[in-house]
Every structure is written in structure tokens, then in C-alpha cells.
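Participant: Below: one structure in C-alpha cells.
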Amino acid sequence: MKIALFGGSFDPIHKGHLALAEAALAGGAADRILFMPTFISPFKIGADCLDGETRLRLIRLATEGREGMEVSDFELRQQDVSYTFDTLEALGASGDAEWSLLMGADSFLSLEKWYRGEEILRRWAIVLGDRPGSPAEAVSEAMERYRSAYGTRVTRVEYEPLDVSSTEIRRRLKAGEDAEALLPPPVAAYLKEHALYRTEQADLERLKQDLRSELSEKRLRHVFRVAEEAKKLSRRHGADEQKAELAALCHDRYRCLDGAASDKLVRELALDARYLGNRNLAHGKIAACLLPAAYGVRDEDVLNAVSYHTTGREKMSLLEKIIYLADAIEPERVYPGIRRIRSTAYKDIDKACYL
């Protein structure tokens, strides 16, 4: 049995990875491909990366139902920097399979400099796939040098390489751009559902787009006035202005729900039954539950500010007080006593909340 180890960060796995694995199987270079995400790549120590369990889950989603492709958590279980030599050594000791290393041309060119790279080249065959932009002449020269110096067996895979990289996918997702064409459909769906890689700035812009498309003109103007008021209060009281703006924009995100839709979500989210039939109180609680997946908003203080913006609560944080007040005193609000509350809000925020 010829098994090719396909290691890497897979942050995230994409269509280019699958195309190379499929070509290696179709061309007979391997009978099985073993995908193995690193715990920590020696080339990416200190880099920001999705956690290992999530990357493993994405690989399993991408390879499910694909014959000849398997997934291993071996390197993740080591809980240490992942060195390919050590992994191949351990895998080779566990059976009589013929192991090789599947890789792209970019990694191949630097293989000699890896940890115990010369021993890898002497002991294991390489299954090589081209990458868009890889200098063909340099790859051919490296193949000849490795064969001459180490006796390396190199099998070059015949296929049309895709112009895709995990770096570009992360860049697009962080910028709020579409990357679905570069990803296996189950992976794209998972990344979208769990708001992975997105930054708060990208989420903020997308949130604004959704507010414009789903809220009434009157409600939309209110939300943006609350955001401006929250930023002013933040500057006055020394709070995080960006967090205040985010919370303010989120506070009425689901105020557009009708009674039936609101009640349905109250049940699905297992919220207190007292929110049934009461959209005025329910919409903040619903938002606090849906915002993490919908827009990647996971800051507990922001979520609490959204959740309690209508009712307030004991021991409110500064941000909670700011959103509570900004909602109540934005410039178009008119009710008895508001002038006093507005004036007090910029002098004594606790007294303003009390009023």
C-alpha cells in the first residue's frame, strides 16, 4: 500500500489541496492520501491560526465521501511543534506501508533546509505537485540535485494546478469579500456559519448593509443616531468608542422581526417564555444570541450591552450604561424629562441611568 502524507496548516483547506490529492491518486502515485494538520508549523510559530480541532473538522468536511482520502489528528495530539521527519518516522514504524510525502513545488524547493530535511530526502519518496507561479526551471534543478545528492525518488503529478492559496482566502474573508469559489462547498458553508476569519471591521460594514436592507427608514435613522450618541458618550467617559459604535449598530438589528418570527426565535434559542409576545423586550436578547454567528461579534461586553439596552440591569458595565443611555437620549427622542437626562448623561452617567 502506497500512502502519501499530506501535511500542513490547512488554514483553511481549499480546492487546490483537493485537486493535488486527487491527481496523486488518479496518477497512481499513491493509493491513499493521509491529510494531517499540524499542531504548530515550525514555519509559522507565533502566527495567528485557527485552532487545530476546527482545521481538522474542515478537512473532514472537505474529504468526506472522497475515496482514498483519510484524515489524521496525529500531529495535533502531540501538542508540540510539528516536524515532518518525526511524523514520518512514527508512521513508518507502525506498519509495512510504503510512505511518501505529498507537497507543492513551493515547499519542495526549501525541503533540504527543513528539520532533518536531508534525511527526509534520503529515506522517503516525494510526490510533487506544481503551484501557480513556481519557477519550473528551479523545480527541475532541485529535482536533479536531490536525486544526485540523496537518491530521492520524485514523482511529479500531472494536473492543472489551481491558482488558490490559504493566505488569499484568509485575506478575502477578513476583508468581508467572497471566497466561496476557492473552497469546497461544505468548508465554505462552515466558515460562513461560524463567522471564521472575519474581522470586526469587515463585520461592521456588512452589518450596516444588512441594516439598510432590512430596517425601515425610520428605524435605520434611529440606529445611526444611537451610534453617534454612543461614540460621544464614550469619548466623554473614556470608553472604547469602536466597541460602543458596534454595540449601538447591533442593538436594534432584529427589531424588524414580526411577532411570529420573534416568538419562533425565542423558542428556538430557549429564551425565557416571558419574551413571547413581546418584541420590545425580546429583540435585544435575540440579537445577543445571533450576533456571534451572524457577524462574528463575540465580545461579551458588547453582547451584554445589546442584550440589556432596553431594560438595564444591576451592576451594568460602562459600555452597557452608554448603550442604554444612547438609545434613550438620541437627538430625536422626545418625552417628559429627557432634557435633564441628556444633560446629566455627560456629567454623571450613573445618575442619568437612574433618571
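The chains in the C-alpha cells are called A, B, ... from first to last as shown; in each chain the residues are counted from 1, and the ligands are counted from 1 in the order shown.
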Can you pull out the residues contacting Ala149 (chain A)? Cut-off 10 Å, using only C-alpha atoms, and skip same-chain residues under 4 positions away; I want them as a list in words.

Facilitator: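 Surrounding residues, per the criterion: Glu118, Leu121, Arg122, Glu144 and Arg145 of chain A.
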
Participant: Within 9 Å of region 27-35 of chain A, which residues of region 49-80 of chain A show up? Give each one with its shortest atom-to-atom distance in Å (one decimal) and the two atoms involved, counting only C-alpha atoms, rows by chain then rising residue number, as a tab-separated table.

Facilitator:
residue	atom	partner	partner_atom	distance
A:Ile59	CA	A:Phe35	CA	7.6
A:Glu67	CA	A:Arg32	CA	8.4
A:Gly68	CA	A:Arg32	CA	4.6
A:Met69	CA	A:Ile33	CA	4.9
A:Glu70	CA	A:Leu34	CA	4.9
A:Val71	CA	A:Phe35	CA	4.7
A:Ser72	CA	A:Phe35	CA	6.2
A:Asp73	CA	A:Phe35	CA	8.8

Participant: Keeping only all heavy atoms, write the selected residues as a CSV table (one decimal), in the first residue's frame.

Facilitator:
chain,number,residue,atom,x,y,z
A,59,ILE,N,-11.1,19.8,7.3
A,59,ILE,CA,-10.5,18.8,6.4
A,59,ILE,C,-11.5,17.6,6.3
A,59,ILE,O,-11.7,17.1,5.2
A,59,ILE,CB,-9.2,18.3,6.9
A,59,ILE,CG1,-8.2,19.5,7.0
A,59,ILE,CG2,-8.6,17.2,6.0
A,59,ILE,CD1,-6.9,19.2,7.7
A,67,GLU,N,-13.0,8.9,-2.1
A,67,GLU,CA,-12.3,7.7,-2.0
A,67,GLU,C,-10.8,7.9,-2.0
A,67,GLU,O,-10.2,8.6,-2.8
A,67,GLU,CB,-12.7,6.7,-3.2
A,67,GLU,CG,-12.2,5.3,-3.0
A,67,GLU,CD,-12.7,4.4,-4.1
A,67,GLU,OE1,-13.6,4.8,-4.9
A,67,GLU,OE2,-12.3,3.3,-4.1
A,68,GLY,N,-10.1,7.2,-1.0
A,68,GLY,CA,-8.7,7.2,-1.0
A,68,GLY,C,-8.2,8.3,-0.1
A,68,GLY,O,-7.0,8.4,0.1
A,69,MET,N,-9.0,9.2,0.4
A,69,MET,CA,-8.6,10.3,1.3
A,69,MET,C,-9.0,10.1,2.7
A,69,MET,O,-10.1,9.8,3.0
A,69,MET,CB,-9.2,11.6,0.8
A,69,MET,CG,-8.8,12.0,-0.6
A,69,MET,SD,-9.3,13.7,-1.0
A,69,MET,CE,-9.0,13.7,-2.8
A,70,GLU,N,-8.0,10.2,3.6
A,70,GLU,CA,-8.2,10.0,5.0
A,70,GLU,C,-7.6,11.2,5.8
A,70,GLU,O,-6.8,11.9,5.3
A,70,GLU,CB,-7.6,8.7,5.5
A,70,GLU,CG,-8.2,7.4,4.8
A,70,GLU,CD,-7.5,6.2,5.3
A,70,GLU,OE1,-6.8,6.2,6.3
A,70,GLU,OE2,-7.8,5.1,4.7
A,71,VAL,N,-8.0,11.3,7.1
A,71,VAL,CA,-7.6,12.4,7.9
A,71,VAL,C,-7.0,11.9,9.2
A,71,VAL,O,-7.6,10.9,9.8
A,71,VAL,CB,-8.8,13.4,8.2
A,71,VAL,CG1,-8.2,14.6,8.9
A,71,VAL,CG2,-9.5,13.8,6.9
A,72,SER,N,-5.9,12.5,9.7
A,72,SER,CA,-5.3,12.0,10.9
A,72,SER,C,-5.1,13.2,11.9
A,72,SER,O,-4.8,14.3,11.4
A,72,SER,CB,-4.0,11.4,10.7
A,72,SER,OG,-3.3,11.1,11.9
A,73,ASP,N,-5.3,13.0,13.2
A,73,ASP,CA,-5.0,14.1,14.2
A,73,ASP,C,-3.7,13.8,14.9
A,73,ASP,O,-3.5,14.3,16.0
A,73,ASP,CB,-6.2,14.2,15.2
A,73,ASP,CG,-6.4,12.9,16.0
A,73,ASP,OD1,-5.7,11.9,15.7
A,73,ASP,OD2,-7.2,12.9,16.9

Participant: Mind running region 147-212 of chain A against region 282-295 of chain A at 7 Å and telling me each contacting residue's nearest atom pair with the distance in Å (one decimal), counting only C-alpha atoms, chain and number ascending, as JSON lines?

Facilitator:
{"residue": "A:Glu193", "atom": "CA", "partner": "A:Ala293", "partner_atom": "CA", "distance": 6.0}
{"residue": "A:His194", "atom": "CA", "partner": "A:Ala293", "partner_atom": "CA", "distance": 5.0}
{"residue": "A:Ala195", "atom": "CA", "partner": "A:Ala293", "partner_atom": "CA", "distance": 5.6}
{"residue": "A:Asp203", "atom": "CA", "partner": "A:Tyr295", "partner_atom": "CA", "distance": 5.2}

Participant: Output N, CA, C and O atoms for every residue in the selection just made, as a PDB file, in the first residue's frame.

Facilitator:
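After the write, again-v5.pdb holds the following:
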ATOM      1  N   GLU A 193     -21.045  30.054   8.404  1.00  0.00           N
ATOM      2  CA  GLU A 193     -21.944  29.850   9.540  1.00  0.00           C
ATOM      3  C   GLU A 193     -21.303  30.279  10.847  1.00  0.00           C
ATOM      4  O   GLU A 193     -21.960  30.858  11.725  1.00  0.00           O
ATOM      5  N   HIS A 194     -19.999  30.009  10.976  1.00  0.00           N
ATOM      6  CA  HIS A 194     -19.315  30.289  12.242  1.00  0.00           C
ATOM      7  C   HIS A 194     -18.497  31.581  12.209  1.00  0.00           C
ATOM      8  O   HIS A 194     -17.751  31.864  13.158  1.00  0.00           O
ATOM      9  N   ALA A 195     -18.648  32.334  11.126  1.00  0.00           N
ATOM     10  CA  ALA A 195     -18.005  33.651  11.022  1.00  0.00           C
ATOM     11  C   ALA A 195     -16.500  33.576  11.254  1.00  0.00           C
ATOM     12  O   ALA A 195     -15.920  34.448  11.911  1.00  0.00           O
ATOM     13  N   ASP A 203     -17.102  42.894   9.566  1.00  0.00           N
ATOM     14  CA  ASP A 203     -18.444  42.601  10.053  1.00  0.00           C
ATOM     15  C   ASP A 203     -19.260  43.881  10.198  1.00  0.00           C
ATOM     16  O   ASP A 203     -20.460  43.895   9.938  1.00  0.00           O
TER      17      ASP A 203
END

Participant: Between CA of Gly312 (chain A) and CA of His251 (chain A), measure the distance and give it in Å to one decimal.

Facilitator: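 Those two atoms sit 12.9 Å apart.
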
Participant: Do you have the CA of Lys113 (chain A)-CA of Leu91 (chain A) distance handy?

Facilitator: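 Spanning CA of Lys113 (chain A) to CA of Leu91 (chain A) is a straight-line distance of 21.7 Å.
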
Participant: Select from region 12-140 of chain A everything DSSP, run on the backbone, classes as strand (DSSP E), then give the selection as a PyMOL selection string.

Facilitator: chain A and resi 32-37+69-71+98-104+125-129

Participant: Ranking A:Val139, A:Ala260, A:Ala248, A:Ile13 by minimum distance to Asn304 (chain A) and counting only C-alpha atoms, which one comes first?

Facilitator: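 Checking each of A:Val139, A:Ala260, A:Ala248, A:Ile13 against Asn304 (chain A), counting only C-alpha atoms, the winner is A:Ala248.
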
Participant: Would you list the contacts of Ser216 (chain A) as a count of residues only, taking every protein, DNA or RNA residue within 12 Å and counting only C-alpha atoms, but skipping same-chain residues closer than 5 positions in sequence?

Facilitator: 11
